[in-house]
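structure-v4.cif (mmCIF, C-alpha atoms)
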```
data_my_file
#
loop_
_atom_site.label_atom_id
_atom_site.label_comp_id
_atom_site.auth_asym_id
_atom_site.auth_seq_id
_atom_site.Cartn_x
_atom_site.Cartn_y
_atom_site.Cartn_z
CA MET A 1 -2.12 8.75 -7.04
CA PHE A 2 0.60 10.58 -5.13
CA PHE A 3 -1.74 12.86 -3.22
CA ASN A 4 -4.22 12.80 -0.40
CA ILE A 5 -5.99 15.43 1.65
CA THR A 6 -3.97 14.75 4.83
CA ILE A 7 -0.60 15.54 3.20
CA LEU A 8 -2.16 18.79 1.92
CA PHE A 9 -3.22 19.78 5.46
CA ALA A 10 0.13 18.65 6.90
CA SER A 11 1.99 20.73 4.28
CA ILE A 12 -0.13 23.82 5.00
CA GLY A 13 0.48 23.22 8.72
CA LEU A 14 4.26 23.16 8.27
CA ILE A 15 4.15 26.31 6.11
CA LEU A 16 2.07 28.21 8.68
CA ALA A 17 4.19 26.89 11.57
CA THR A 18 7.28 28.24 9.77
CA VAL A 19 5.61 31.65 9.34
CA SER A 20 4.57 31.61 12.99
CA PHE A 21 8.07 30.62 14.14
CA ILE A 22 9.86 33.35 12.16
CA SER A 23 7.36 36.03 13.12
CA GLY A 24 7.58 34.88 16.76
CA LEU A 25 11.35 35.34 16.77
CA GLN A 26 10.96 38.75 15.14
CA ALA A 27 8.24 39.73 17.63
CA VAL A 28 10.57 38.98 20.55
CA LYS A 29 13.20 41.28 19.00
CA ALA A 30 10.88 44.19 18.17
CA LYS A 31 7.83 44.43 20.39
CA GLY A 32 4.72 46.13 19.03
CA SER A 33 5.49 45.28 15.40
CA PHE A 34 3.16 43.48 13.00
CA ASP A 35 5.03 40.29 13.78
CA THR A 36 2.99 39.64 16.93
CA ARG A 37 -0.22 39.69 14.88
CA ILE A 38 1.27 37.50 12.15
CA HIS A 39 2.56 35.12 14.84
CA ARG A 40 -0.82 34.83 16.54
CA LEU A 41 -2.82 34.53 13.31
CA ASN A 42 -0.65 31.77 11.87
CA GLY A 43 -0.21 30.09 15.24
CA TYR A 44 -3.94 29.72 15.85
CA LEU A 45 -4.52 28.56 12.26
CA THR A 46 -1.79 25.97 12.82
CA ILE A 47 -3.51 24.68 15.96
CA ILE A 48 -6.83 24.36 14.10
CA ILE A 49 -5.14 22.39 11.30
CA TYR A 50 -3.33 20.20 13.85
CA ILE A 51 -6.60 19.32 15.61
CA LEU A 52 -8.31 18.72 12.25
CA LEU A 53 -5.50 16.41 11.12
CA ALA A 54 -5.51 14.53 14.42
CA GLY A 55 -9.26 14.01 14.10
CA MET A 56 -8.96 12.81 10.51
CA SER A 57 -6.07 10.51 11.31
CA LEU A 58 -7.71 8.93 14.35
CA GLY A 59 -11.11 8.81 12.68
CA LYS A 60 -10.09 6.98 9.52
CA THR A 61 -8.50 3.96 11.22
CA ASN A 62 -10.80 1.19 12.35
CA GLU A 63 -8.73 0.48 15.43
CA ILE A 64 -7.31 3.49 17.20
CA SER A 65 -3.89 2.47 18.46
CA SER A 66 -2.49 3.86 21.69
CA LEU A 67 0.65 4.90 19.77
CA HIS A 68 -1.46 7.24 17.60
CA ILE A 69 -3.14 8.79 20.63
CA VAL A 70 0.19 9.23 22.45
CA GLY A 71 1.76 10.84 19.34
CA TRP A 72 -1.02 13.34 18.71
CA SER A 73 -1.37 14.11 22.45
CA THR A 74 2.36 14.78 22.74
CA GLY A 75 2.17 17.28 19.85
CA LEU A 76 -0.85 18.98 21.39
CA SER A 77 0.83 19.19 24.79
CA ILE A 78 3.88 20.85 23.14
CA ILE A 79 1.55 23.42 21.54
CA LEU A 80 -0.28 24.12 24.83
CA THR A 81 2.97 24.29 26.80
CA LYS A 82 4.36 26.82 24.31
CA ILE A 83 1.23 29.03 24.66
CA TRP A 84 1.42 28.72 28.46
CA ILE A 85 5.11 29.74 28.50
CA VAL A 86 4.42 32.78 26.32
CA ARG A 87 1.47 33.82 28.48
CA LYS A 88 3.61 33.45 31.62
CA GLY A 89 6.02 35.96 30.12
CA LYS A 90 9.00 33.60 29.80
CA THR A 91 9.23 34.41 26.13
CA TYR A 92 12.95 35.14 25.91
CA LYS A 93 14.09 32.13 27.83
CA TYR A 94 12.04 29.23 26.49
CA ALA A 95 9.63 30.23 23.72
CA SER A 96 12.13 29.95 20.86
CA TRP A 97 13.04 26.43 21.98
CA MET A 98 9.38 25.48 22.13
CA GLY A 99 8.90 27.04 18.69
CA MET A 100 11.69 24.85 17.38
CA LEU A 101 10.02 21.82 18.99
CA LEU A 102 6.80 22.77 17.20
CA ILE A 103 8.61 22.88 13.84
CA ILE A 104 10.03 19.40 14.57
CA THR A 105 6.51 18.24 15.47
CA TRP A 106 5.23 19.49 12.14
CA LEU A 107 8.12 17.84 10.29
CA ILE A 108 7.13 14.54 11.90
CA VAL A 109 3.48 15.16 10.95
CA VAL A 110 4.53 15.78 7.32
CA TYR A 111 6.82 12.72 7.22
CA THR A 112 4.14 10.42 8.56
CA HIS A 113 1.55 11.71 6.10
CA ILE A 114 3.59 11.48 2.89
CA PRO A 115 1.37 9.17 0.82
CA VAL A 116 2.58 5.84 -0.47
CA MET B 117 -24.46 -41.71 -44.35
CA SER B 118 -26.22 -38.41 -43.71
CA LYS B 119 -27.94 -39.97 -40.67
CA LEU B 120 -24.55 -40.98 -39.30
CA ILE B 121 -23.17 -37.45 -39.73
CA LEU B 122 -26.30 -35.99 -38.13
CA SER B 123 -26.10 -38.35 -35.15
CA ILE B 124 -22.38 -37.56 -34.68
CA PHE B 125 -23.20 -33.84 -34.82
CA ILE B 126 -26.01 -34.20 -32.27
CA GLY B 127 -23.75 -36.34 -30.09
CA LEU B 128 -21.04 -33.68 -30.14
CA ILE B 129 -23.50 -30.92 -29.27
CA SER B 130 -24.93 -32.99 -26.41
CA LEU B 131 -21.41 -33.65 -25.13
CA PHE B 132 -20.62 -29.94 -25.30
CA ILE B 133 -23.81 -29.03 -23.43
CA LEU B 134 -23.15 -31.72 -20.82
CA THR B 135 -19.63 -30.53 -20.19
CA ARG B 136 -20.95 -26.97 -19.87
CA VAL B 137 -23.58 -28.11 -17.39
CA GLU B 138 -20.96 -29.98 -15.38
CA ALA B 139 -19.16 -26.71 -14.58
CA ALA B 140 -20.94 -26.24 -11.27
CA VAL B 141 -21.01 -23.53 -8.67
CA ILE B 142 -20.16 -24.71 -5.16
CA ASN B 143 -20.91 -22.54 -2.16
CA VAL B 144 -18.93 -22.48 1.08
CA PRO B 145 -20.15 -23.00 3.80
CA GLN B 146 -23.58 -24.02 2.41
CA ASP B 147 -22.39 -26.99 0.30
CA TYR B 148 -19.14 -27.73 2.15
CA LYS B 149 -18.10 -26.43 5.54
CA THR B 150 -14.48 -25.77 4.53
CA ILE B 151 -12.87 -24.36 1.39
CA ARG B 152 -10.53 -27.34 1.35
CA ASP B 153 -13.43 -29.83 1.19
CA ALA B 154 -15.03 -27.81 -1.58
CA VAL B 155 -11.79 -27.83 -3.57
CA GLU B 156 -11.31 -31.58 -3.10
CA ASN B 157 -14.83 -32.30 -4.31
CA ALA B 158 -14.84 -29.81 -7.18
CA ASN B 159 -14.49 -30.84 -10.79
CA PRO B 160 -12.37 -29.01 -13.33
CA GLN B 161 -13.96 -25.70 -14.46
CA ASP B 162 -16.11 -25.48 -11.31
CA THR B 163 -16.41 -22.21 -9.42
CA ILE B 164 -16.26 -22.15 -5.63
CA ILE B 165 -17.92 -19.13 -4.04
CA VAL B 166 -16.85 -18.50 -0.46
CA ASP B 167 -18.96 -16.42 1.92
CA GLU B 168 -17.50 -13.81 4.20
CA GLY B 169 -15.87 -14.99 7.43
CA GLU B 170 -12.59 -16.12 8.93
CA TYR B 171 -11.26 -19.53 7.91
CA LYS B 172 -8.23 -21.42 9.18
CA GLU B 173 -7.01 -23.70 6.41
CA ASN B 174 -4.30 -24.62 3.94
CA ILE B 175 -5.82 -25.04 0.50
CA VAL B 176 -4.07 -26.96 -2.28
CA ILE B 177 -5.50 -26.55 -5.78
CA THR B 178 -4.48 -29.10 -8.38
CA LYS B 179 -7.21 -28.60 -10.98
CA PRO B 180 -8.45 -25.74 -13.13
CA ILE B 181 -11.07 -24.20 -10.83
CA VAL B 182 -12.00 -20.70 -9.74
CA ILE B 183 -12.16 -19.83 -6.03
CA ARG B 184 -13.84 -16.54 -5.42
CA ALA B 185 -14.73 -14.67 -2.22
CA SER B 186 -18.25 -13.33 -2.59
CA LYS B 187 -17.66 -10.14 -0.61
CA GLY B 188 -13.99 -9.41 -1.15
CA PRO B 189 -10.76 -9.60 0.83
CA ASP B 190 -11.70 -7.29 3.70
CA VAL B 191 -14.28 -9.70 5.06
CA THR B 192 -13.06 -13.06 3.72
CA ILE B 193 -9.91 -13.93 5.59
CA VAL B 194 -8.05 -17.24 5.45
CA HIS B 195 -5.35 -17.90 8.06
CA ALA B 196 -2.80 -20.69 7.64
CA LEU B 197 -3.76 -23.75 9.68
CA ILE B 198 -0.29 -25.30 9.27
CA GLN B 199 1.94 -22.26 9.37
CA GLY B 200 4.78 -23.90 7.47
CA GLU B 201 2.52 -24.33 4.41
CA PRO B 202 1.07 -21.68 2.08
CA VAL B 203 -2.50 -20.57 2.71
CA PHE B 204 -3.37 -21.12 -0.96
CA LYS B 205 -1.20 -23.33 -3.18
CA ILE B 206 -1.90 -23.81 -6.87
CA LYS B 207 0.15 -26.80 -7.96
CA ASN B 208 0.82 -28.51 -11.28
CA THR B 209 -2.23 -27.19 -13.08
CA ASN B 210 -3.40 -24.67 -15.65
CA GLU B 211 -6.08 -22.00 -15.51
CA ALA B 212 -6.80 -21.96 -11.78
CA SER B 213 -7.88 -18.67 -10.22
CA ILE B 214 -7.96 -17.18 -6.74
CA ILE B 215 -10.05 -14.03 -6.41
CA GLY B 216 -10.84 -11.73 -3.52
CA PHE B 217 -9.30 -13.30 -0.37
CA THR B 218 -7.07 -12.19 2.45
CA ALA B 219 -4.38 -14.82 3.06
CA SER B 220 -2.29 -14.41 6.19
CA ASP B 221 -0.13 -15.98 8.90
CA SER B 222 1.88 -18.39 6.76
CA LEU B 223 5.58 -18.93 7.35
CA SER B 224 5.70 -19.83 3.64
CA SER B 225 3.50 -17.75 1.30
CA GLY B 226 0.02 -16.34 1.37
CA ILE B 227 -0.54 -17.51 -2.22
CA TYR B 228 1.91 -19.91 -3.84
CA LEU B 229 1.85 -20.91 -7.52
CA TYR B 230 4.03 -23.96 -8.14
CA ASN B 231 4.33 -25.12 -11.73
CA ALA B 232 1.01 -23.40 -12.41
CA HIS B 233 0.31 -21.78 -15.75
CA ASN B 234 -2.32 -19.48 -17.30
CA GLY B 235 -3.86 -18.81 -13.90
CA GLN B 236 -5.19 -15.66 -12.30
CA VAL B 237 -4.57 -14.17 -8.86
CA LEU B 238 -6.84 -11.14 -8.59
CA ASN B 239 -7.86 -8.68 -5.89
CA ASN B 240 -6.33 -10.55 -2.95
CA LYS B 241 -4.60 -9.30 0.19
CA THR B 242 -1.59 -11.25 1.41
CA VAL B 243 -0.37 -9.80 4.66
CA ASN B 244 1.79 -11.02 7.55
CA ASN B 245 3.25 -14.01 5.72
CA HIS B 246 6.89 -14.72 5.05
CA ILE B 247 6.19 -13.99 1.36
CA GLY B 248 2.96 -12.48 0.07
CA ILE B 249 2.65 -14.10 -3.37
CA THR B 250 5.17 -16.59 -4.76
CA LEU B 251 5.39 -17.88 -8.33
CA TYR B 252 7.79 -20.76 -8.77
CA SER B 253 8.28 -22.24 -12.21
CA SER B 254 4.93 -20.75 -13.23
CA ASN B 255 4.30 -19.04 -16.56
CA ASN B 256 1.67 -16.91 -18.29
CA ASN B 257 -0.23 -15.98 -15.13
CA ILE B 258 -2.04 -12.74 -14.38
CA ILE B 259 -1.31 -11.25 -10.94
CA LYS B 260 -3.48 -8.17 -10.70
CA ASP B 261 -4.96 -5.77 -8.11
CA ASN B 262 -3.42 -7.61 -5.18
CA ILE B 263 -2.11 -6.07 -1.97
CA ALA B 264 1.01 -7.79 -0.62
CA ASN B 265 1.93 -5.68 2.39
CA SER B 266 3.79 -6.17 5.66
CA ASN B 267 5.29 -9.57 4.89
CA GLU B 268 8.42 -10.84 6.60
CA TYR B 269 10.51 -11.02 3.39
CA TYR B 270 8.96 -10.14 0.04
CA GLY B 271 5.63 -8.84 -1.18
CA ILE B 272 5.69 -10.65 -4.54
CA TYR B 273 8.40 -13.16 -5.46
CA LEU B 274 8.94 -14.80 -8.84
CA GLU B 275 11.48 -17.56 -9.33
CA SER B 276 12.04 -19.26 -12.68
CA SER B 277 8.72 -17.86 -13.85
CA HIS B 278 8.24 -16.29 -17.24
CA ASN B 279 5.70 -14.30 -19.29
CA ASN B 280 3.62 -13.32 -16.30
CA LEU B 281 1.67 -10.07 -16.02
CA LEU B 282 1.95 -8.21 -12.72
CA GLU B 283 -0.40 -5.25 -12.84
CA LYS B 284 -1.77 -2.74 -10.32
CA ASN B 285 -0.40 -4.65 -7.34
CA ILE B 286 0.67 -2.95 -4.13
CA ALA B 287 3.71 -4.31 -2.28
CA ASN B 288 4.33 -1.94 0.62
CA SER B 289 6.08 -2.13 3.98
CA ASN B 290 7.64 -5.56 3.49
CA LYS B 291 10.65 -6.23 5.67
CA ASP B 292 12.97 -7.04 2.77
CA LYS B 293 11.85 -6.42 -0.81
CA GLY B 294 8.64 -5.28 -2.47
CA ILE B 295 8.76 -7.21 -5.75
CA PHE B 296 11.59 -9.69 -6.38
CA LEU B 297 12.20 -11.39 -9.74
CA SER B 298 14.80 -14.12 -9.61
CA LEU B 299 15.77 -16.07 -12.75
CA SER B 300 12.53 -14.87 -14.32
CA SER B 301 12.28 -13.42 -17.79
CA SER B 302 9.83 -11.73 -20.16
CA ASN B 303 7.46 -10.63 -17.41
CA ASN B 304 5.45 -7.42 -17.56
CA LEU B 305 5.26 -5.26 -14.44
CA ASN B 306 2.79 -2.44 -15.02
CA ASN B 307 1.36 0.16 -12.65
CA ASN B 308 2.53 -1.54 -9.47
CA SER B 309 3.38 0.30 -6.25
CA ALA B 310 6.30 -0.79 -4.09
CA ASN B 311 6.79 1.66 -1.25
CA LEU B 312 8.28 1.73 2.22
CA ASN B 313 10.00 -1.64 1.87
CA THR B 314 13.06 -2.08 4.06
CA TRP B 315 15.47 -2.72 1.16
CA ASN B 316 14.49 -2.77 -2.50
CA GLY B 317 11.25 -1.60 -4.09
CA ILE B 318 11.75 -3.83 -7.14
CA ILE B 319 14.76 -6.06 -7.76
CA LEU B 320 15.60 -8.09 -10.84
CA TRP B 321 18.22 -10.75 -10.20
CA SER B 322 19.48 -12.70 -13.18
CA SER B 323 16.22 -11.84 -14.95
CA HIS B 324 16.11 -10.71 -18.54
CA LYS B 325 13.78 -9.07 -21.07
CA ASN B 326 11.27 -7.92 -18.46
CA THR B 327 9.26 -4.73 -18.95
CA LEU B 328 8.73 -2.37 -16.03
CA LYS B 329 6.26 0.36 -16.92
CA ASP B 330 4.48 3.09 -14.90
CA ASN B 331 5.46 1.62 -11.53
CA LYS B 332 5.65 3.81 -8.43
CA ILE B 333 8.54 3.11 -6.09
CA PHE B 334 8.79 5.54 -3.17
CA ARG B 335 10.60 5.57 0.13
CA ASN B 336 12.50 2.30 -0.11
CA THR B 337 16.22 2.12 0.67
CA TYR B 338 16.81 1.36 -3.01
CA GLY B 339 14.17 1.95 -5.70
CA ILE B 340 14.73 -0.37 -8.67
CA VAL B 341 17.75 -2.67 -8.54
CA THR B 342 19.00 -4.86 -11.39
CA SER B 343 21.71 -7.43 -10.87
CA ASP B 344 23.07 -9.74 -13.59
CA SER B 345 20.01 -8.81 -15.62
CA ASP B 346 20.02 -7.73 -19.26
CA ASN B 347 17.66 -6.22 -21.82
CA ASN B 348 15.02 -5.10 -19.34
CA ASP B 349 12.85 -2.17 -20.41
CA MET B 350 12.23 0.56 -17.84
CA ILE B 351 9.49 2.92 -19.00
CA ASN B 352 8.10 5.86 -17.04
CA ASN B 353 8.69 4.45 -13.55
CA SER B 354 8.63 6.93 -10.63
CA THR B 355 11.27 6.63 -7.93
CA TRP B 356 11.52 9.43 -5.36
CA PRO B 357 13.98 8.25 -2.73
CA ASN B 358 14.67 11.81 -1.51
CA ILE B 359 11.12 12.99 -0.96
CA TYR B 360 11.78 13.03 2.81
CA ILE B 361 14.30 15.82 2.27
CA ILE B 362 12.81 17.60 -0.75
CA LEU B 363 9.28 18.13 0.55
CA PRO B 364 10.08 19.73 3.96
CA VAL B 365 12.72 22.01 2.38
CA ILE B 366 10.19 23.24 -0.19
CA LEU B 367 7.51 23.73 2.49
CA ILE B 368 9.83 25.70 4.81
CA TYR B 369 10.93 27.82 1.86
CA ILE B 370 7.28 28.56 1.05
CA GLY B 371 6.81 29.41 4.76
CA ILE B 372 9.61 32.01 4.63
CA LEU B 373 8.12 33.55 1.47
CA LEU B 374 4.65 33.59 3.02
CA TYR B 375 6.04 35.37 6.11
CA LEU B 376 7.53 38.12 3.92
CA ILE B 377 4.28 38.44 1.95
CA GLN B 378 2.19 38.62 5.14
CA LYS B 379 4.49 41.21 6.72
CA ASN B 380 4.30 43.47 3.67
CA LEU B 381 0.54 42.94 3.45
CA PHE B 382 0.06 43.93 7.12
CA ARG B 383 2.30 46.96 6.61
CA PHE B 384 0.32 47.99 3.51
CA VAL B 385 -3.09 47.50 5.18
CA TYR B 386 -2.27 49.29 8.42
CA LYS B 387 -0.43 52.17 6.80
CA GLY B 388 -3.29 52.56 4.35
#
```
Represent the structure contained in this file as structure tokens.
Amino acid sequence: MFFNITILFASIGLILATVSFISGLQAVKAKGSFDTRIHRLNGYLTIIIYILLAGMSLGKTNEISSLHIVGWSTGLSIILTKIWIVRKGKTYKYASWMGMLLIITWLIVVYTHIPV
Amino acid sequence: MSKLILSIFIGLISLFILTRVEAAVINVPQDYKTIRDAVENANPQDTIIVDEGEYKENIVITKPIVIRASKGPDVTIVHALIQGEPVFKIKNTNEASIIGFTASDSLSSGIYLYNAHNGQVLNNKTVNNHIGITLYSSNNNIIKDNIANSNEYYGIYLESSHNNLLEKNIANSNKDKGIFLSLSSSNNLNNNSANLNTWNGIILWSSHKNTLKDNKIFRNTYGIVTSDSDNNDMINNSTWPNIYIILPVILIYIGILLYLIQKNLFRFVYKG
């Protein structure tokens, strides 16, 4: 059957990451709008789904390969770096690039979880 | 006269019972240490039951016997001892069956049927061979519920083989083709999956009157390819070569819509 639970989570993750990315860009433009709240809400939900997916992916294989660990860790480090940059106040300079990197991360997550 | 008929009748029944009794069950490693020894000492119609474990052998079957792994392919693994030979080879016989093994590490095939007819290859895994399952000049066989993944060339390969049933097999991530029919006609391919193969999911080359029904062929370079092949029936097969592009575009589009919905929802809630 062309469905499994991981592609569902990965799809939801990409959708929420897109919402978070757009609202983040809008929040930079107009401070104090609802976009900051939307950005945070969707961003944190995205992180939870990412960690859940990583756990499921690493947990279901009998032998955890170093490539898997490196892949998931790289994604997590991009997420944490993005939060750190925003908290440091370098929003204008780097955050949109990091947001774009996060979208690419989620695209990779979706691609690798398309069932066969 | 009636006594003669009666004695012939009794004789026939006794013969029938004797032949039934002769169909023995041989256990590996209890009766024979290796599968090969068990096969060599088996009589036609015998069943060889193999316990779980890893074996390093090349097994040639030339008589109608059944070889069955007691606990299935995940725990009953046979590696090729001579890598240039198939792990299992059914040769010049009818009605031989291989059930429930993993066959790997052959530079030929995991399971090879050569001039073998009316046989069964069921619930096996053939991985990391040059070809997963090969049928050469073999007709009327049932190839069902097998996994032929990650082989160097093809998952399942038929050459000059006709009237075979290939059903519910999985041929994924092979480095050339998933399922390859060459000079093979009147075969039925039902409910097979051939995904993520480097070139073709399923290819018919100079093969005619085959029926391909309800197969799933995703994420290959080419889905189903026919070359010099006529009168093949293609019924309800799924080929989604562009799913890589379609799915992310749809998801990002849903993301944009969800952003607009959320923004309006927030505005409505906080203004209210």
Spatial neighbours of Val144 (chain B), 10 Å, all atoms listed in the file, chain gap at least 6 places, as a short mmCIF file (atom, residue, chain, number, x, y, z; two decimals) with C-alpha atoms, in the frame of the given file:
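Below you can see out-v7.cif, which holds the result:
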```
data_model
loop_
_atom_site.label_atom_id
_atom_site.label_comp_id
_atom_site.auth_asym_id
_atom_site.auth_seq_id
_atom_site.Cartn_x
_atom_site.Cartn_y
_atom_site.Cartn_z
CA THR B 150 -14.48 -25.77 4.53
CA ILE B 151 -12.87 -24.36 1.39
CA ARG B 152 -10.53 -27.34 1.35
CA ASP B 153 -13.43 -29.83 1.19
CA ALA B 154 -15.03 -27.81 -1.58
CA ILE B 164 -16.26 -22.15 -5.63
CA ILE B 165 -17.92 -19.13 -4.04
CA VAL B 166 -16.85 -18.50 -0.46
CA ASP B 167 -18.96 -16.42 1.92
CA GLU B 168 -17.50 -13.81 4.20
CA ALA B 185 -14.73 -14.67 -2.22
CA SER B 186 -18.25 -13.33 -2.59
#
```
Residues matched by the PyMOL selection byres ((chain A and resi 111-113) around 9) as a PyMOL selection string: (chain A and resi 4+6-7+10+106-110+114-116) or (chain B and resi 360+363-364)
Go ahead and dump the residues you just picked, C-alpha atoms, as an mmCIF file, in the frame of the given file.
```cif
data_model
loop_
_atom_site.group_PDB
_atom_site.id
_atom_site.type_symbol
_atom_site.label_atom_id
_atom_site.label_comp_id
_atom_site.auth_asym_id
_atom_site.auth_seq_id
_atom_site.Cartn_x
_atom_site.Cartn_y
_atom_site.Cartn_z
ATOM 1 C CA ASN A 4 -4.220 12.800 -0.400
ATOM 2 C CA THR A 6 -3.970 14.750 4.830
ATOM 3 C CA ILE A 7 -0.600 15.540 3.200
ATOM 4 C CA ALA A 10 0.130 18.650 6.900
ATOM 5 C CA TRP A 106 5.230 19.490 12.140
ATOM 6 C CA LEU A 107 8.120 17.840 10.290
ATOM 7 C CA ILE A 108 7.130 14.540 11.900
ATOM 8 C CA VAL A 109 3.480 15.160 10.950
ATOM 9 C CA VAL A 110 4.530 15.780 7.320
ATOM 10 C CA ILE A 114 3.590 11.480 2.890
ATOM 11 C CA PRO A 115 1.370 9.170 0.820
ATOM 12 C CA VAL A 116 2.580 5.840 -0.470
ATOM 13 C CA TYR B 360 11.780 13.030 2.810
ATOM 14 C CA LEU B 363 9.280 18.130 0.550
ATOM 15 C CA PRO B 364 10.080 19.730 3.960
#
```
Going by the chain IDs and residue numbers used in this file, which residues fall under the PyMOL selection byres ((chain A) within 8 of (chain B))? Write them as a list in words. Ser11, Leu14, Ile15, Leu16, Ala17, Thr18, Val19, Ser20, Ile22, Ser23, Phe34, Asp35, Ile38, Leu107, Val110, Tyr111 and Val116 of chain A
Identify, on the basis of all atoms listed in the file, every residue whose closest approach to region 50-58 of chain A does not exceed 10 Å; exclude the query and any residue fewer than 3 positions from it along the same chain; express the result as a ChimeraX atom specification. /A:5-7,9-10,13-14,44-47,61-65,68-69,71-73,75-76,79,106,109,113
Have a look at CA of Gln26 (chain A) and CA of Asn42 (chain A) and let me know their distance in Å, one decimal.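 If I compute the distance from CA of Gln26 (chain A) to CA of Asn42 (chain A), I get 13.9 Å.
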Within 12 Å of Ala158 (chain B) using all atoms listed in the file, minus same-chain residues under 2 positions, as a PyMOL selection string: chain B and resi 138-144+147-148+151-156+160-165+177-183
Can you give me, as a VMD selection string, the residues this file yields under the PyMOL selection byres ((chain B and resi 169) around 7)? chain B and resid 167 to 168 170 to 171 191 to 193
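Every protein or nucleic acid residue with an atom no more than 10 Å from Met350 (chain B), counting all atoms listed in the file and leaving out same-chain residues fewer than 2 positions away, appears here: Leu305, Asn326, Thr327, Leu328, Lys329, Asp330, Asn331, Ile340, Asn347, Asn348, Asn352 and Asn353 of chain B.
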How would you write as a VMD selection string the residues that get within 10 Å of (4.5, -18.9, -9.6) in the file's frame, counting all atoms listed in the file? chain B and resid 205 to 207 227 to 233 235 249 to 257 259 272 to 278 280
What gap, in Å, lies between CA of Glu211 (chain B) and CA of Asn290 (chain B)?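 These atoms are spaced 28.6 Å apart.
In this model, the gap between CA of Asp344 (chain B) and CA of Lys284 (chain B) comes to 26.0 Å.
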Once 4 Å is added on each side, what are the centre and the three edge lengths, in Å to one decimal, of the axis-aligned box enclosing the listed atoms of region 166-171 of chain B? Present them as lines of an AutoDock Vina configuration file.
```
center_x = -15.1
center_y = -16.7
center_z = 4.2
size_x = 15.7
size_y = 13.7
size_z = 17.4
```
Filled-in N, CA and C atoms of region 293-306 of chain B, supplied as an mmCIF file, keeping the file's coordinate frame:
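Everything below was put into part-v6.cif:
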```
data_model
loop_
_atom_site.group_PDB
_atom_site.id
_atom_site.type_symbol
_atom_site.label_atom_id
_atom_site.label_comp_id
_atom_site.auth_asym_id
_atom_site.auth_seq_id
_atom_site.Cartn_x
_atom_site.Cartn_y
_atom_site.Cartn_z
ATOM 1 N N LYS B 293 12.051 -7.016 0.520
ATOM 2 C CA LYS B 293 11.850 -6.420 -0.810
ATOM 3 C C LYS B 293 10.370 -6.357 -1.173
ATOM 4 N N GLY B 294 10.030 -5.384 -2.017
ATOM 5 C CA GLY B 294 8.640 -5.280 -2.470
ATOM 6 C C GLY B 294 8.316 -6.345 -3.496
ATOM 7 N N ILE B 295 8.963 -6.235 -4.665
ATOM 8 C CA ILE B 295 8.760 -7.210 -5.750
ATOM 9 C C ILE B 295 10.123 -7.752 -6.146
ATOM 10 N N PHE B 296 10.283 -9.052 -6.158
ATOM 11 C CA PHE B 296 11.590 -9.690 -6.380
ATOM 12 C C PHE B 296 11.449 -10.695 -7.530
ATOM 13 N N LEU B 297 12.173 -10.443 -8.612
ATOM 14 C CA LEU B 297 12.200 -11.390 -9.740
ATOM 15 C C LEU B 297 13.559 -12.070 -9.756
ATOM 16 N N SER B 298 13.563 -13.367 -9.603
ATOM 17 C CA SER B 298 14.800 -14.120 -9.610
ATOM 18 C C SER B 298 14.741 -15.155 -10.746
ATOM 19 N N LEU B 299 15.688 -15.112 -11.630
ATOM 20 C CA LEU B 299 15.770 -16.070 -12.750
ATOM 21 C C LEU B 299 14.467 -16.098 -13.553
ATOM 22 N N SER B 300 13.842 -14.934 -13.654
ATOM 23 C CA SER B 300 12.530 -14.870 -14.320
ATOM 24 C C SER B 300 12.594 -13.867 -15.462
ATOM 25 N N SER B 301 12.129 -14.255 -16.605
ATOM 26 C CA SER B 301 12.280 -13.420 -17.790
ATOM 27 C C SER B 301 10.951 -13.168 -18.500
ATOM 28 N N SER B 302 10.968 -12.102 -19.303
ATOM 29 C CA SER B 302 9.830 -11.730 -20.160
ATOM 30 C C SER B 302 8.537 -11.509 -19.388
ATOM 31 N N ASN B 303 8.663 -10.986 -18.180
ATOM 32 C CA ASN B 303 7.460 -10.630 -17.410
ATOM 33 C C ASN B 303 7.145 -9.155 -17.601
ATOM 34 N N ASN B 304 5.868 -8.819 -17.468
ATOM 35 C CA ASN B 304 5.450 -7.420 -17.560
ATOM 36 C C ASN B 304 4.999 -6.926 -16.194
ATOM 37 N N LEU B 305 5.647 -5.862 -15.723
ATOM 38 C CA LEU B 305 5.260 -5.260 -14.440
ATOM 39 C C LEU B 305 4.719 -3.864 -14.735
ATOM 40 N N ASN B 306 3.406 -3.711 -14.673
ATOM 41 C CA ASN B 306 2.790 -2.440 -15.020
ATOM 42 C C ASN B 306 2.005 -1.857 -13.853
#
```
